[in-house]
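Participant: Encoded as structure tokens, here's the structure I'll be asking about.
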Amino acid sequence: MAGNEPLYGELCLIDQNIKSLLDIPLSEKLRSVNLHCNQISKIEGLAFAWQLRHLDLSSNQITCIEGLGSLASLRTLNLSCNLITKIEGLNGLVNLIRLNVSYNHISDLTGLLYLHGTCHKLRYLNLQSNHVSNMSQLLQCMLGLQCLSELTLGMDGNGNPVCLSPGYREIL
């Protein structure tokens, strides 16, 4: 990117071969960031973007959900099509409404426990095409998501192993 001036408002850099969030001069006034289809492997450098409401890091090379703790205003987070194996690092995301972690390698959902309670607002959770196989863990992690109205575990034949359990829809 040319120059080192901070960016404001909305930033959309799709398929630009970006390898690190540290290469982007972010500002506290930034509200929406779309970095779909780059080569980012780590979530970092977002501490000053505390007004950020929408973050799309889909189709990158991210292996770990981290570096989001200061984003209390974040409402939508798209981490689909990455290399994530567990849900974690969601502490402090009290305004998160929509979380898309579809098409990863997730088998551990325990990080969702940090979104339990009445102070959290998660309504939409997309876990399609992951490795979720433990029904009891799934139930434990879903029960405390008090605002959750839509959970996607599978669609168009792309599900999770737990979707093969007889009567899984009724149980949930």
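Following the order of the structure tokens, chains are lettered A, B, ..., residues in each are numbered from 1, and ligands are numbered from 1.
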Which neighbours of Leu74 in chain A fall inside 12 Å, counting only C-alpha atoms, when residues of the same chain fewer than 5 positions from it are skipped, and could you give them as a ChimeraX atom specification?

Facilitator: /A:30-33,46,49-56,68-69,90-99,120-122

Participant: Could you pull out all residues of range 12-129 of chain A with a DSSP call of strand (DSSP E or B) and give them as a short mmCIF file (atom, residue, chain, number, x, y, z; two decimals) with N, CA, C and O atoms, in the first residue's frame?

Facilitator:
```cif
data_model
loop_
_atom_site.label_atom_id
_atom_site.label_comp_id
_atom_site.auth_asym_id
_atom_site.auth_seq_id
_atom_site.Cartn_x
_atom_site.Cartn_y
_atom_site.Cartn_z
N CYS A 12 -11.80 -2.00 2.04
CA CYS A 12 -12.06 -3.23 1.30
C CYS A 12 -10.84 -3.53 0.42
O CYS A 12 -10.58 -2.83 -0.56
N LEU A 26 -4.20 1.08 10.14
CA LEU A 26 -5.58 1.16 10.63
C LEU A 26 -5.74 2.34 11.58
O LEU A 26 -4.78 2.80 12.17
N SER A 27 -6.96 2.80 11.75
CA SER A 27 -7.23 3.90 12.68
C SER A 27 -8.39 3.54 13.59
O SER A 27 -9.14 2.61 13.33
N GLU A 28 -8.54 4.33 14.65
CA GLU A 28 -9.65 4.11 15.59
C GLU A 28 -10.99 4.46 14.97
O GLU A 28 -12.02 4.09 15.50
N LYS A 29 -11.04 5.14 13.85
CA LYS A 29 -12.29 5.54 13.20
C LYS A 29 -12.80 4.51 12.19
O LYS A 29 -13.88 4.64 11.66
N LEU A 30 -12.02 3.49 11.95
CA LEU A 30 -12.39 2.46 10.98
C LEU A 30 -13.59 1.67 11.49
O LEU A 30 -13.62 1.22 12.63
N ARG A 31 -14.62 1.50 10.64
CA ARG A 31 -15.84 0.81 11.02
C ARG A 31 -15.99 -0.56 10.37
O ARG A 31 -16.59 -1.45 10.93
N SER A 32 -15.46 -0.73 9.16
CA SER A 32 -15.65 -1.97 8.42
C SER A 32 -14.36 -2.32 7.66
O SER A 32 -13.80 -1.47 6.97
N VAL A 33 -13.93 -3.58 7.81
CA VAL A 33 -12.72 -4.05 7.13
C VAL A 33 -13.06 -5.37 6.43
O VAL A 33 -13.54 -6.31 7.06
N ASN A 34 -12.79 -5.42 5.11
CA ASN A 34 -12.99 -6.64 4.34
C ASN A 34 -11.66 -7.00 3.69
O ASN A 34 -11.20 -6.33 2.77
N HIS A 54 -17.51 -4.36 11.66
CA HIS A 54 -17.58 -5.48 10.72
C HIS A 54 -16.17 -5.85 10.30
O HIS A 54 -15.41 -5.01 9.82
N LEU A 55 -15.84 -7.14 10.46
CA LEU A 55 -14.52 -7.62 10.10
C LEU A 55 -14.66 -8.91 9.31
O LEU A 55 -15.26 -9.87 9.77
N ASP A 56 -14.15 -8.90 8.08
CA ASP A 56 -14.19 -10.07 7.21
C ASP A 56 -12.75 -10.48 6.88
O ASP A 56 -12.05 -9.79 6.16
N THR A 76 -20.17 -8.04 13.45
CA THR A 76 -20.08 -9.20 12.55
C THR A 76 -18.61 -9.58 12.37
O THR A 76 -17.75 -8.72 12.17
N LEU A 77 -18.39 -10.89 12.44
CA LEU A 77 -17.04 -11.44 12.28
C LEU A 77 -17.12 -12.63 11.34
O LEU A 77 -17.82 -13.60 11.62
N ASN A 78 -16.45 -12.53 10.20
CA ASN A 78 -16.43 -13.61 9.22
C ASN A 78 -15.01 -14.17 9.15
O ASN A 78 -14.10 -13.52 8.65
N LYS A 86 -10.21 -24.51 16.63
CA LYS A 86 -11.02 -24.33 17.84
C LYS A 86 -11.52 -22.90 17.95
O LYS A 86 -10.86 -21.97 17.47
N ARG A 98 -23.20 -11.63 14.73
CA ARG A 98 -23.08 -12.64 13.68
C ARG A 98 -21.63 -13.15 13.62
O ARG A 98 -20.71 -12.37 13.45
N LEU A 99 -21.50 -14.49 13.77
CA LEU A 99 -20.19 -15.13 13.70
C LEU A 99 -20.23 -16.23 12.65
O LEU A 99 -21.03 -17.16 12.75
N ASN A 100 -19.37 -16.11 11.65
CA ASN A 100 -19.29 -17.12 10.59
C ASN A 100 -17.90 -17.75 10.65
O ASN A 100 -16.90 -17.11 10.35
N ASP A 108 -13.43 -28.04 18.50
CA ASP A 108 -13.54 -27.57 19.88
C ASP A 108 -14.31 -26.25 19.91
O ASP A 108 -13.88 -25.25 19.33
N TYR A 124 -26.58 -15.15 15.35
CA TYR A 124 -26.36 -16.01 14.18
C TYR A 124 -24.97 -16.63 14.26
O TYR A 124 -23.97 -15.93 14.37
N LEU A 125 -24.94 -17.95 14.20
CA LEU A 125 -23.68 -18.69 14.27
C LEU A 125 -23.64 -19.71 13.14
O LEU A 125 -24.51 -20.58 13.05
N ASN A 126 -22.65 -19.59 12.28
CA ASN A 126 -22.49 -20.52 11.17
C ASN A 126 -21.26 -21.39 11.41
O ASN A 126 -20.13 -20.90 11.38
#
```

Participant: Please provide the set of residues having any atom within 8 Å of range 112-114 of chain A, restricted to only C-alpha atoms, with same-chain residues fewer than 6 positions apart removed, written as a tab-separated table (two decimals) with C-alpha atoms, in the first residue's frame.

Facilitator:
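File produced: selection-v3.tsv:
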```tsv
chain	number	residue	atom	x	y	z
A	87	ILE	CA	-13.22	-21.43	18.81
A	88	GLU	CA	-11.33	-19.18	21.19
A	90	LEU	CA	-13.90	-14.16	21.66
A	91	ASN	CA	-13.63	-12.67	25.16
A	141	CYS	CA	-21.80	-24.38	24.35
A	142	MET	CA	-25.18	-23.55	22.77
A	144	GLY	CA	-25.84	-20.28	27.33
```

Participant: Can you measure CA of Gly159 in chain A to CA of Cys37 in chain A for me? One decimal in Å is fine.

Facilitator: 22.5 Å

Participant: Return as a list in words the full set of residues in chain A whose backbone-based DSSP assignment is alpha helix (DSSP H).

Facilitator: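 Selection result, alpha helix (DSSP H) within chain A: Met135, Ser136, Gln137, Leu138, Leu139, Gln140, Cys141, Met142, Leu143, Tyr168, Arg169, Glu170 and Ile171 of chain A.
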
Participant: Here is a test: counting only C-alpha atoms, which residue of A:Asn82, A:Ser136, A:Ile24, A:His105 is nearest to Leu11 in chain A?

Facilitator: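 Answer, going by the shortest atom-to-atom distance: A:Ile24.
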
Participant: Quick one: residues within 6 Å of Ile106 in chain A, only C-alpha atoms, excluding same-chain residues fewer than 4 positions away - as a list in words?

Facilitator: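 Close residues of Ile106 in chain A: Ile84, Thr85, Lys86, Asn130 and His131 of chain A.
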
Participant: Any chance you can output those residues with N, CA and C atoms as a CSV table (one decimal), in the first residue's frame?

Facilitator:
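result07.csv written:
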```csv
chain,number,residue,atom,x,y,z
A,84,ILE,N,-8.8,-22.8,11.1
A,84,ILE,CA,-9.1,-22.7,12.5
A,84,ILE,C,-9.5,-24.1,13.0
A,85,THR,N,-9.0,-24.5,14.2
A,85,THR,CA,-9.4,-25.8,14.7
A,85,THR,C,-10.2,-25.7,16.0
A,86,LYS,N,-10.2,-24.5,16.6
A,86,LYS,CA,-11.0,-24.3,17.8
A,86,LYS,C,-11.5,-22.9,17.9
A,130,ASN,N,-17.4,-28.2,9.3
A,130,ASN,CA,-16.3,-28.2,10.3
A,130,ASN,C,-16.2,-29.7,10.7
A,131,HIS,N,-15.6,-29.9,11.9
A,131,HIS,CA,-15.3,-31.2,12.4
A,131,HIS,C,-16.0,-31.4,13.8
```

Participant: Using Å and a single decimal, report how far CA of Ser129 in chain A sits from CA of Glu10 in chain A.

Facilitator: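 The value is 29.5 Å.
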
Participant: Skip Gln137 in chain A itself and residues of its chain fewer than 3 positions away, then list as an mmCIF file with all heavy atoms, in the first residue's frame all residues within 8 Å of it, counting only C-alpha atoms.

Facilitator:
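Now in result.cif:
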```cif
data_model
loop_
_atom_site.group_PDB
_atom_site.id
_atom_site.type_symbol
_atom_site.label_atom_id
_atom_site.label_comp_id
_atom_site.auth_asym_id
_atom_site.auth_seq_id
_atom_site.Cartn_x
_atom_site.Cartn_y
_atom_site.Cartn_z
ATOM 1 N N LEU A 109 -15.460 -26.267 20.590
ATOM 2 C CA LEU A 109 -16.342 -25.098 20.643
ATOM 3 C C LEU A 109 -16.290 -24.361 21.973
ATOM 4 O O LEU A 109 -17.048 -23.412 22.186
ATOM 5 C CB LEU A 109 -17.789 -25.539 20.393
ATOM 6 C CG LEU A 109 -18.072 -26.280 19.094
ATOM 7 C CD1 LEU A 109 -19.513 -26.776 19.074
ATOM 8 C CD2 LEU A 109 -17.790 -25.395 17.901
ATOM 9 N N THR A 110 -15.419 -24.760 22.883
ATOM 10 C CA THR A 110 -15.463 -24.233 24.245
ATOM 11 C C THR A 110 -15.282 -22.713 24.327
ATOM 12 O O THR A 110 -15.719 -22.097 25.292
ATOM 13 C CB THR A 110 -14.428 -24.925 25.155
ATOM 14 O OG1 THR A 110 -13.134 -24.853 24.542
ATOM 15 C CG2 THR A 110 -14.799 -26.385 25.379
ATOM 16 N N ASN A 134 -18.875 -33.798 18.873
ATOM 17 C CA ASN A 134 -19.257 -34.055 20.255
ATOM 18 C C ASN A 134 -20.589 -33.369 20.568
ATOM 19 O O ASN A 134 -20.634 -32.147 20.761
ATOM 20 C CB ASN A 134 -18.151 -33.560 21.187
ATOM 21 C CG ASN A 134 -18.375 -33.910 22.625
ATOM 22 O OD1 ASN A 134 -19.495 -33.978 23.104
ATOM 23 N ND2 ASN A 134 -17.276 -34.121 23.336
ATOM 24 N N GLN A 140 -23.662 -28.006 25.480
ATOM 25 C CA GLN A 140 -23.150 -27.170 26.566
ATOM 26 C C GLN A 140 -22.816 -25.764 26.063
ATOM 27 O O GLN A 140 -23.117 -24.770 26.719
ATOM 28 C CB GLN A 140 -21.899 -27.810 27.180
ATOM 29 C CG GLN A 140 -21.268 -26.979 28.278
ATOM 30 C CD GLN A 140 -19.923 -27.531 28.738
ATOM 31 O OE1 GLN A 140 -19.336 -28.394 28.095
ATOM 32 N NE2 GLN A 140 -19.435 -27.024 29.846
ATOM 33 N N CYS A 141 -22.226 -25.680 24.896
ATOM 34 C CA CYS A 141 -21.804 -24.383 24.351
ATOM 35 C C CYS A 141 -22.970 -23.580 23.787
ATOM 36 O O CYS A 141 -22.929 -22.357 23.761
ATOM 37 C CB CYS A 141 -20.732 -24.593 23.290
ATOM 38 S SG CYS A 141 -19.191 -25.218 23.981
#
```

Participant: Between CA of Asn104 in chain A and CA of Lys42 in chain A, what distance in Å does the model show, to one decimal?

Facilitator: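 Calculated distance between CA of Asn104 in chain A and CA of Lys42 in chain A is 14.9 Å.
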
Participant: Rank nothing, just name the residue among A:Ser107, A:Ser102, A:Ser133, A:Asp23 nearest to Asn158 in chain A, using only C-alpha atoms.

Facilitator: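 With only C-alpha atoms as the atom set, the closest residue is A:Ser102.
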
Participant: When you look at Asn17 in chain A with a cut-off of 9 Å (counting only C-alpha atoms), what residues show up, excluding the ones that are within fewer than 3 positions of it in the same chain? I need them as a CSV table (one decimal) with N, CA and C atoms, in the first residue's frame.

Facilitator:
```csv
chain,number,residue,atom,x,y,z
A,14,ILE,N,-9.9,-6.8,-1.1
A,14,ILE,CA,-10.1,-8.2,-1.4
A,14,ILE,C,-9.1,-8.7,-2.4
A,37,CYS,N,-9.9,-13.3,1.0
A,37,CYS,CA,-9.0,-13.9,0.0
A,37,CYS,C,-7.7,-13.2,-0.1
A,38,ASN,N,-7.0,-13.2,1.1
A,38,ASN,CA,-5.6,-12.7,1.1
A,38,ASN,C,-4.8,-13.9,1.7
A,39,GLN,N,-3.6,-13.5,2.2
A,39,GLN,CA,-2.7,-14.6,2.8
A,39,GLN,C,-2.4,-14.3,4.2
A,40,ILE,N,-3.3,-13.7,4.9
A,40,ILE,CA,-3.2,-13.4,6.3
A,40,ILE,C,-3.2,-14.7,7.2
```

Participant: Residues within 8 Å of Glu44 in chain A, please, as JSON, numbers by chain. Count only C-alpha atoms; anything in the same chain fewer than 6 positions from it doesn't count.

Facilitator: {"A": [21, 22, 66, 67, 68]}
